[in-house]
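These notes are about the structure you will find just below.
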There are 2 protein chains.
Amino acid sequence: MTLTRAERRARTERRILEAARGLFAERGFERTTIRAVAGAAGVDPALVMQHFGSKQGLFERAVQVAGDDAERLVDDLLGSLGVKLGELPQSSLAVMRSMLTHPEAAASARATFSGQIERIAAAIEGGDATPKAALITLVLLGVTIGHQLLDLDELRDVPPDEVARLLRPALQALT
Amino acid sequence: MTLTRAERRARTERRILEAARGLFAERGFERTTIRAVAGAAGVDPALVMQHFGSKQGLFERAVQVAGDDAERLVDDLLGSLGVKLGELPQSSLAVMRSMLTHPEAAASARATFSGQIERIAAAIEGGDATPKAALITLVLLGVTIGHQLLDLDELRDVPPDEVARLLRPALQALT
DNA sequence: CAACTTACTCAACAACCGTTGAGCGAACAA
DNA sequence: TTGTTCGCTCAACGGTTGTTGAGTAAGTTG
């Protein structure tokens, strides 16, 4: 026997989501077409609709797992101030890539950041905890955007732990 | 007499550019349609094409003046470490809003940031000047994105000079 | 085996997009 | 005033997009 039906379905669904994550992360929501996702997954565009209902539904499912990694990022930050600036998962990159132009991605990003800020603020003693925590989060956001999404020349060949080393005193100053 | 022909032309062109800047800054390149710009300017879509050749041409003209203000931002930073975090001009916001999804906006942003980084690096003594300057630029980018584009709750009611005050030691640590 | 379910494809629709060419009316030059 | 220029509108084209309904073949169930 070749493959059970549920297995095939789950497998193609996973393949579609993988292709969607890659394209959303690379091009953002608007510039990613359902046809392109279907093509990358070796599947008919109509099947994508049948699985996820709409392009927006596809985006939500493709991005769903972003939360956990975001928390891990903050844990690294809080625990040792050794910032993890390596490759972010594509689901997180997809949200970041789209958050400035796609309203729902913006909402998702805001929610994630608010969660981060709250957790960081709880670990800061003294006044101004919330704005400080917000700034810490945005510092990491800026560096991540420049490094992962804009791919700036000036940072491309700098190893991640070198970036972390340079950034540590600055983050310390925000605590 | 009502109005000279050149005056009328220049005036409507200015009106179109103003509408374009507002929409590009608010929605980004992809979600801004020529029809919407024309509508906001009280003009026929075809006229926009006639003036700027293409949507891309319109974007370039609408964004052209972004460079000077970017330099002013860095001057404030370098001069007194009093970071100017007030309202950025719409042309700068338009580039930022679009830079993660529109390739040409990304190129424009990269060029602006590279210029900034070079100038900041020249003012930093000691080693690691370039990566440090890059990080300073990205810190400001992150804060600006969170404040102006994402409009985070946690920063909305914090006055700009308060943000500058909190940020100053962190930027100092990167010098 | 037969009846049914379902993952999947094919072809098409309706809407919207950027873009274009023809035409109108008012400012201009003579 | 007469002829010309030109800012501007109108209507439409071709292409792409998200989305849908019918059809097919293969897995499932009895």
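Residue names in the structure tokens use chain letters A, B, ... in the order shown, residue numbers from 1 in each chain, and ligand numbers from 1 in the order shown.
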Taking only C-alpha atoms (C1' of nucleotides) into account, report as a list in words which residues of chain B lie within 7 Å of chain D.
Arg9, Asp44 and Leu47 of chain B
Those same residues, written as a short mmCIF file (atom, residue, chain, number, x, y, z; two decimals), in the first residue's frame with C-alpha atoms?
data_model
loop_
_atom_site.label_atom_id
_atom_site.label_comp_id
_atom_site.auth_asym_id
_atom_site.auth_seq_id
_atom_site.Cartn_x
_atom_site.Cartn_y
_atom_site.Cartn_z
CA ARG B 9 0.24 72.16 -12.92
CA ASP B 44 -8.18 61.34 -12.29
CA LEU B 47 -3.27 62.21 -14.55
#
Please identify all polymer residues within 9 Å of DG18 in chain C, counting only C-alpha atoms (C1' of nucleotides), omitting same-chain residues fewer than 4 positions from it, and present them as a PDB file with N, CA, C and O atoms, in the first residue's frame.
ATOM      1  N   THR B  33      -2.959  52.256  -3.839  1.00  0.00           N
ATOM      2  CA  THR B  33      -3.279  52.191  -5.260  1.00  0.00           C
ATOM      3  C   THR B  33      -3.232  53.587  -5.865  1.00  0.00           C
ATOM      4  O   THR B  33      -3.494  54.584  -5.181  1.00  0.00           O
ATOM      5  N   ILE B  34      -2.925  53.621  -7.137  1.00  0.00           N
ATOM      6  CA  ILE B  34      -2.905  54.897  -7.848  1.00  0.00           C
ATOM      7  C   ILE B  34      -4.285  55.530  -7.815  1.00  0.00           C
ATOM      8  O   ILE B  34      -4.423  56.753  -7.714  1.00  0.00           O
ATOM      9  N   SER B  54       4.800  56.146 -13.794  1.00  0.00           N
ATOM     10  CA  SER B  54       4.419  54.835 -13.253  1.00  0.00           C
ATOM     11  C   SER B  54       4.244  54.963 -11.748  1.00  0.00           C
ATOM     12  O   SER B  54       4.600  55.980 -11.150  1.00  0.00           O
ATOM     13  N   LYS B  55       3.693  53.932 -11.138  1.00  0.00           N
ATOM     14  CA  LYS B  55       3.527  53.932  -9.691  1.00  0.00           C
ATOM     15  C   LYS B  55       4.891  54.025  -9.004  1.00  0.00           C
ATOM     16  O   LYS B  55       5.046  54.730  -8.009  1.00  0.00           O
TER      17      LYS B  55
END
Write out chain B, as a PDB file with C-alpha atoms, in the first residue's frame, after superposing it onto chain A by least squares using every C-alpha atom paired in order.
ATOM      1  CA  MET B   1       0.487  -0.080  -0.029  1.00  0.00           C
ATOM      2  CA  THR B   2       1.453   3.428  -1.009  1.00  0.00           C
ATOM      3  CA  LEU B   3       0.166   5.723   1.722  1.00  0.00           C
ATOM      4  CA  THR B   4      -2.896   6.182   3.857  1.00  0.00           C
ATOM      5  CA  ARG B   5      -5.276   8.978   3.011  1.00  0.00           C
ATOM      6  CA  ALA B   6      -4.889  10.940   6.261  1.00  0.00           C
ATOM      7  CA  GLU B   7      -1.128  10.693   5.928  1.00  0.00           C
ATOM      8  CA  ARG B   8      -1.177  12.060   2.418  1.00  0.00           C
ATOM      9  CA  ARG B   9      -3.408  14.922   3.491  1.00  0.00           C
ATOM     10  CA  ALA B  10      -1.281  15.838   6.488  1.00  0.00           C
ATOM     11  CA  ARG B  11       1.851  15.595   4.407  1.00  0.00           C
ATOM     12  CA  THR B  12       0.688  17.923   1.648  1.00  0.00           C
ATOM     13  CA  GLU B  13      -0.703  20.326   4.216  1.00  0.00           C
ATOM     14  CA  ARG B  14       2.681  20.443   5.866  1.00  0.00           C
ATOM     15  CA  ARG B  15       4.305  20.974   2.483  1.00  0.00           C
ATOM     16  CA  ILE B  16       1.970  23.878   1.699  1.00  0.00           C
ATOM     17  CA  LEU B  17       2.598  25.492   5.084  1.00  0.00           C
ATOM     18  CA  GLU B  18       6.327  25.157   4.630  1.00  0.00           C
ATOM     19  CA  ALA B  19       6.209  26.817   1.236  1.00  0.00           C
ATOM     20  CA  ALA B  20       3.924  29.526   2.589  1.00  0.00           C
ATOM     21  CA  ARG B  21       6.225  30.288   5.507  1.00  0.00           C
ATOM     22  CA  GLY B  22       9.187  30.619   3.187  1.00  0.00           C
ATOM     23  CA  LEU B  23       7.426  32.958   0.794  1.00  0.00           C
ATOM     24  CA  PHE B  24       5.710  35.037   3.480  1.00  0.00           C
ATOM     25  CA  ALA B  25       9.049  35.441   5.240  1.00  0.00           C
ATOM     26  CA  GLU B  26      10.815  36.387   2.022  1.00  0.00           C
ATOM     27  CA  ARG B  27       8.257  38.647   0.351  1.00  0.00           C
ATOM     28  CA  GLY B  28       5.635  39.517   2.930  1.00  0.00           C
ATOM     29  CA  PHE B  29       1.896  38.991   2.802  1.00  0.00           C
ATOM     30  CA  GLU B  30       0.921  41.172  -0.148  1.00  0.00           C
ATOM     31  CA  ARG B  31       3.628  40.024  -2.536  1.00  0.00           C
ATOM     32  CA  THR B  32       3.042  36.368  -1.798  1.00  0.00           C
ATOM     33  CA  THR B  33       0.373  34.883  -4.061  1.00  0.00           C
ATOM     34  CA  ILE B  34      -1.574  31.726  -3.425  1.00  0.00           C
ATOM     35  CA  ARG B  35      -0.500  30.575  -6.862  1.00  0.00           C
ATOM     36  CA  ALA B  36       3.154  30.964  -5.895  1.00  0.00           C
ATOM     37  CA  VAL B  37       2.666  29.030  -2.677  1.00  0.00           C
ATOM     38  CA  ALA B  38       0.833  26.296  -4.534  1.00  0.00           C
ATOM     39  CA  GLY B  39       3.533  26.193  -7.172  1.00  0.00           C
ATOM     40  CA  ALA B  40       6.309  25.919  -4.582  1.00  0.00           C
ATOM     41  CA  ALA B  41       4.401  23.109  -2.895  1.00  0.00           C
ATOM     42  CA  GLY B  42       3.743  21.338  -6.200  1.00  0.00           C
ATOM     43  CA  VAL B  43       0.007  21.624  -5.811  1.00  0.00           C
ATOM     44  CA  ASP B  44      -3.021  23.282  -7.381  1.00  0.00           C
ATOM     45  CA  PRO B  45      -3.985  26.722  -6.037  1.00  0.00           C
ATOM     46  CA  ALA B  46      -7.515  25.522  -5.394  1.00  0.00           C
ATOM     47  CA  LEU B  47      -6.206  22.961  -2.947  1.00  0.00           C
ATOM     48  CA  VAL B  48      -4.650  25.681  -0.834  1.00  0.00           C
ATOM     49  CA  MET B  49      -8.039  27.345  -0.558  1.00  0.00           C
ATOM     50  CA  GLN B  50      -9.658  24.040   0.273  1.00  0.00           C
ATOM     51  CA  HIS B  51      -7.241  23.493   3.120  1.00  0.00           C
ATOM     52  CA  PHE B  52      -7.090  26.952   4.647  1.00  0.00           C
ATOM     53  CA  GLY B  53     -10.218  28.727   3.451  1.00  0.00           C
ATOM     54  CA  SER B  54      -8.538  31.956   2.433  1.00  0.00           C
ATOM     55  CA  LYS B  55      -5.150  33.581   2.004  1.00  0.00           C
ATOM     56  CA  GLN B  56      -5.560  35.133   5.428  1.00  0.00           C
ATOM     57  CA  GLY B  57      -6.321  31.710   6.895  1.00  0.00           C
ATOM     58  CA  LEU B  58      -3.188  30.338   5.293  1.00  0.00           C
ATOM     59  CA  PHE B  59      -1.135  33.157   6.777  1.00  0.00           C
ATOM     60  CA  GLU B  60      -2.514  32.574  10.262  1.00  0.00           C
ATOM     61  CA  ARG B  61      -1.759  28.884  10.148  1.00  0.00           C
ATOM     62  CA  ALA B  62       1.687  29.423   8.671  1.00  0.00           C
ATOM     63  CA  VAL B  63       2.567  31.852  11.426  1.00  0.00           C
ATOM     64  CA  GLN B  64       0.869  30.197  14.366  1.00  0.00           C
ATOM     65  CA  VAL B  65       3.981  28.773  15.972  1.00  0.00           C
ATOM     66  CA  ALA B  66       5.760  32.095  16.256  1.00  0.00           C
ATOM     67  CA  GLY B  67       4.931  32.703  19.903  1.00  0.00           C
ATOM     68  CA  ASP B  68       7.144  30.121  21.559  1.00  0.00           C
ATOM     69  CA  ASP B  69      10.345  31.210  19.884  1.00  0.00           C
ATOM     70  CA  ALA B  70       9.657  34.804  20.751  1.00  0.00           C
ATOM     71  CA  GLU B  71       9.514  33.794  24.395  1.00  0.00           C
ATOM     72  CA  ARG B  72      12.690  31.840  24.070  1.00  0.00           C
ATOM     73  CA  LEU B  73      14.385  34.934  22.706  1.00  0.00           C
ATOM     74  CA  VAL B  74      13.393  36.909  25.752  1.00  0.00           C
ATOM     75  CA  ASP B  75      14.440  34.140  28.077  1.00  0.00           C
ATOM     76  CA  ASP B  76      17.911  34.235  26.657  1.00  0.00           C
ATOM     77  CA  LEU B  77      17.926  37.955  27.071  1.00  0.00           C
ATOM     78  CA  LEU B  78      16.700  37.974  30.640  1.00  0.00           C
ATOM     79  CA  GLY B  79      18.694  35.011  31.772  1.00  0.00           C
ATOM     80  CA  SER B  80      22.185  35.986  30.781  1.00  0.00           C
ATOM     81  CA  LEU B  81      21.965  39.056  28.615  1.00  0.00           C
ATOM     82  CA  GLY B  82      23.429  36.853  25.958  1.00  0.00           C
ATOM     83  CA  VAL B  83      21.204  37.830  23.110  1.00  0.00           C
ATOM     84  CA  LYS B  84      20.302  35.180  20.625  1.00  0.00           C
ATOM     85  CA  LEU B  85      20.578  36.773  17.248  1.00  0.00           C
ATOM     86  CA  GLY B  86      20.882  33.724  15.103  1.00  0.00           C
ATOM     87  CA  GLU B  87      18.353  32.674  12.531  1.00  0.00           C
ATOM     88  CA  LEU B  88      14.796  33.262  13.598  1.00  0.00           C
ATOM     89  CA  PRO B  89      12.177  30.703  12.549  1.00  0.00           C
ATOM     90  CA  GLN B  90      10.487  31.533   9.278  1.00  0.00           C
ATOM     91  CA  SER B  91       7.142  31.944  10.967  1.00  0.00           C
ATOM     92  CA  SER B  92       8.533  34.810  13.049  1.00  0.00           C
ATOM     93  CA  LEU B  93      10.217  36.304  10.027  1.00  0.00           C
ATOM     94  CA  ALA B  94       6.921  36.118   8.135  1.00  0.00           C
ATOM     95  CA  VAL B  95       5.148  38.163  10.806  1.00  0.00           C
ATOM     96  CA  MET B  96       7.963  40.694  10.976  1.00  0.00           C
ATOM     97  CA  ARG B  97       8.193  40.983   7.215  1.00  0.00           C
ATOM     98  CA  SER B  98       4.488  41.714   6.937  1.00  0.00           C
ATOM     99  CA  MET B  99       3.816  43.686  10.086  1.00  0.00           C
ATOM    100  CA  LEU B 100       4.368  47.113   8.557  1.00  0.00           C
ATOM    101  CA  THR B 101       1.956  46.645   5.666  1.00  0.00           C
ATOM    102  CA  HIS B 102      -0.513  43.930   6.645  1.00  0.00           C
ATOM    103  CA  PRO B 103      -2.917  45.013   9.408  1.00  0.00           C
ATOM    104  CA  GLU B 104      -3.423  41.549  10.842  1.00  0.00           C
ATOM    105  CA  ALA B 105       0.284  40.859  10.930  1.00  0.00           C
ATOM    106  CA  ALA B 106       0.690  44.179  12.739  1.00  0.00           C
ATOM    107  CA  ALA B 107      -1.879  43.112  15.320  1.00  0.00           C
ATOM    108  CA  SER B 108      -0.117  39.794  15.809  1.00  0.00           C
ATOM    109  CA  ALA B 109       3.241  41.514  16.181  1.00  0.00           C
ATOM    110  CA  ARG B 110       1.847  44.025  18.660  1.00  0.00           C
ATOM    111  CA  ALA B 111       0.427  41.224  20.769  1.00  0.00           C
ATOM    112  CA  THR B 112       3.727  39.350  20.764  1.00  0.00           C
ATOM    113  CA  PHE B 113       5.695  42.457  21.660  1.00  0.00           C
ATOM    114  CA  SER B 114       3.272  43.417  24.417  1.00  0.00           C
ATOM    115  CA  GLY B 115       3.735  39.996  25.935  1.00  0.00           C
ATOM    116  CA  GLN B 116       7.500  40.365  25.746  1.00  0.00           C
ATOM    117  CA  ILE B 117       7.425  43.832  27.233  1.00  0.00           C
ATOM    118  CA  GLU B 118       5.264  42.722  30.124  1.00  0.00           C
ATOM    119  CA  ARG B 119       7.602  39.878  30.974  1.00  0.00           C
ATOM    120  CA  ILE B 120      10.710  42.021  30.742  1.00  0.00           C
ATOM    121  CA  ALA B 121       9.142  44.809  32.773  1.00  0.00           C
ATOM    122  CA  ALA B 122       8.391  42.346  35.562  1.00  0.00           C
ATOM    123  CA  ALA B 123      12.104  41.617  35.819  1.00  0.00           C
ATOM    124  CA  ILE B 124      13.191  45.240  35.981  1.00  0.00           C
ATOM    125  CA  GLU B 125      13.492  46.837  39.390  1.00  0.00           C
ATOM    126  CA  GLY B 126      13.061  50.537  39.890  1.00  0.00           C
ATOM    127  CA  GLY B 127      10.941  53.024  38.007  1.00  0.00           C
ATOM    128  CA  ASP B 128      10.138  53.254  34.317  1.00  0.00           C
ATOM    129  CA  ALA B 129       9.991  49.492  34.037  1.00  0.00           C
ATOM    130  CA  THR B 130       7.455  49.386  31.222  1.00  0.00           C
ATOM    131  CA  PRO B 131       8.998  51.989  28.894  1.00  0.00           C
ATOM    132  CA  LYS B 132      12.417  50.504  29.560  1.00  0.00           C
ATOM    133  CA  ALA B 133      11.156  47.041  28.704  1.00  0.00           C
ATOM    134  CA  ALA B 134       9.561  48.421  25.562  1.00  0.00           C
ATOM    135  CA  LEU B 135      12.851  49.968  24.515  1.00  0.00           C
ATOM    136  CA  ILE B 136      14.737  46.737  25.147  1.00  0.00           C
ATOM    137  CA  THR B 137      12.275  44.901  22.951  1.00  0.00           C
ATOM    138  CA  LEU B 138      12.545  47.498  20.218  1.00  0.00           C
ATOM    139  CA  VAL B 139      16.328  47.455  20.328  1.00  0.00           C
ATOM    140  CA  LEU B 140      16.218  43.745  19.604  1.00  0.00           C
ATOM    141  CA  LEU B 141      13.597  44.331  16.941  1.00  0.00           C
ATOM    142  CA  GLY B 142      15.722  46.913  15.180  1.00  0.00           C
ATOM    143  CA  VAL B 143      18.819  44.746  15.224  1.00  0.00           C
ATOM    144  CA  THR B 144      16.845  41.761  13.980  1.00  0.00           C
ATOM    145  CA  ILE B 145      15.293  43.733  11.159  1.00  0.00           C
ATOM    146  CA  GLY B 146      18.635  45.114  10.068  1.00  0.00           C
ATOM    147  CA  HIS B 147      20.290  41.740  10.295  1.00  0.00           C
ATOM    148  CA  GLN B 148      17.673  39.267   9.071  1.00  0.00           C
ATOM    149  CA  LEU B 149      15.292  41.247   6.915  1.00  0.00           C
ATOM    150  CA  LEU B 150      17.321  44.095   5.457  1.00  0.00           C
ATOM    151  CA  ASP B 151      20.524  42.059   5.414  1.00  0.00           C
ATOM    152  CA  LEU B 152      22.716  45.112   5.942  1.00  0.00           C
ATOM    153  CA  ASP B 153      26.256  44.833   4.620  1.00  0.00           C
ATOM    154  CA  GLU B 154      27.700  46.252   7.809  1.00  0.00           C
ATOM    155  CA  LEU B 155      26.331  43.401   9.895  1.00  0.00           C
ATOM    156  CA  ARG B 156      26.369  40.530   7.460  1.00  0.00           C
ATOM    157  CA  ASP B 157      29.805  39.235   8.368  1.00  0.00           C
ATOM    158  CA  VAL B 158      29.640  39.980  12.061  1.00  0.00           C
ATOM    159  CA  PRO B 159      29.127  36.734  13.977  1.00  0.00           C
ATOM    160  CA  PRO B 160      26.033  36.660  16.207  1.00  0.00           C
ATOM    161  CA  ASP B 161      27.907  36.388  19.483  1.00  0.00           C
ATOM    162  CA  GLU B 162      30.016  39.362  18.485  1.00  0.00           C
ATOM    163  CA  VAL B 163      26.805  41.354  18.032  1.00  0.00           C
ATOM    164  CA  ALA B 164      25.635  40.099  21.403  1.00  0.00           C
ATOM    165  CA  ARG B 165      28.890  41.173  22.991  1.00  0.00           C
ATOM    166  CA  LEU B 166      28.622  44.697  21.600  1.00  0.00           C
ATOM    167  CA  LEU B 167      24.975  44.940  22.493  1.00  0.00           C
ATOM    168  CA  ARG B 168      25.209  43.695  26.065  1.00  0.00           C
ATOM    169  CA  PRO B 169      26.307  46.946  27.762  1.00  0.00           C
ATOM    170  CA  ALA B 170      23.639  48.868  25.883  1.00  0.00           C
ATOM    171  CA  LEU B 171      20.919  46.505  27.080  1.00  0.00           C
ATOM    172  CA  GLN B 172      22.414  46.593  30.570  1.00  0.00           C
ATOM    173  CA  ALA B 173      22.034  50.357  30.505  1.00  0.00           C
ATOM    174  CA  LEU B 174      18.308  49.895  29.934  1.00  0.00           C
ATOM    175  CA  THR B 175      17.875  47.801  33.068  1.00  0.00           C
TER     176      THR B 175
END
Can I get the residues of chain C within 9 Å of chain A, each with the closest pair of atoms and their distance in Å to one decimal, using only C-alpha atoms (C1' of nucleotides), sorted chain first then ascending number, as a tab-separated table?
residue	atom	partner	partner_atom	distance
C:DT6	C1'	A:Arg5	CA	8.6
C:DA7	C1'	A:Arg9	CA	6.9
C:DC8	C1'	A:Leu47	CA	6.9
C:DT9	C1'	A:Asp44	CA	6.6
Save the residues we just selected, N, CA and C atoms (P, O5', C5', C4', C3', O3' and C1' of nucleotides), as a compact mmCIF listing (two decimals), in the first residue's frame?
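Heads up, here's the output in again-v9.txt:
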# COMPACT_ATOMS: atom_id res chain seq x y z
P DT C 6 -15.42 12.09 4.02
O5' DT C 6 -14.17 12.41 3.06
C5' DT C 6 -13.05 11.55 3.07
C4' DT C 6 -12.05 11.95 1.99
C3' DT C 6 -11.85 13.47 1.86
O3' DT C 6 -10.49 13.72 1.60
C1' DT C 6 -12.36 12.58 -0.21
P DA C 7 -9.59 14.52 2.71
O5' DA C 7 -8.19 14.74 1.97
C5' DA C 7 -7.38 13.62 1.68
C4' DA C 7 -6.80 13.71 0.27
C3' DA C 7 -6.13 15.04 -0.08
O3' DA C 7 -4.90 14.76 -0.74
C1' DA C 7 -7.78 14.56 -1.69
P DC C 8 -3.89 16.00 -1.08
O5' DC C 8 -4.30 16.40 -2.56
C5' DC C 8 -4.19 15.42 -3.60
C4' DC C 8 -4.92 15.90 -4.85
C3' DC C 8 -4.59 17.31 -5.31
O3' DC C 8 -3.59 17.26 -6.33
C1' DC C 8 -6.89 16.69 -5.66
P DT C 9 -3.15 18.63 -7.07
O5' DT C 9 -4.11 18.65 -8.36
C5' DT C 9 -4.18 17.50 -9.19
C4' DT C 9 -5.15 17.74 -10.35
C3' DT C 9 -4.85 18.99 -11.20
O3' DT C 9 -4.96 18.65 -12.58
C1' DT C 9 -7.09 19.05 -10.40
To test your reading of the structure, identify every residue in chain B that backbone DSSP assigns to helix (DSSP H, G or I), and report it as a PyMOL selection string.
chain B and resi 5-27+34-41+45-52+55-63+66-80+90-98+103-122+129-149+153-156+160-172
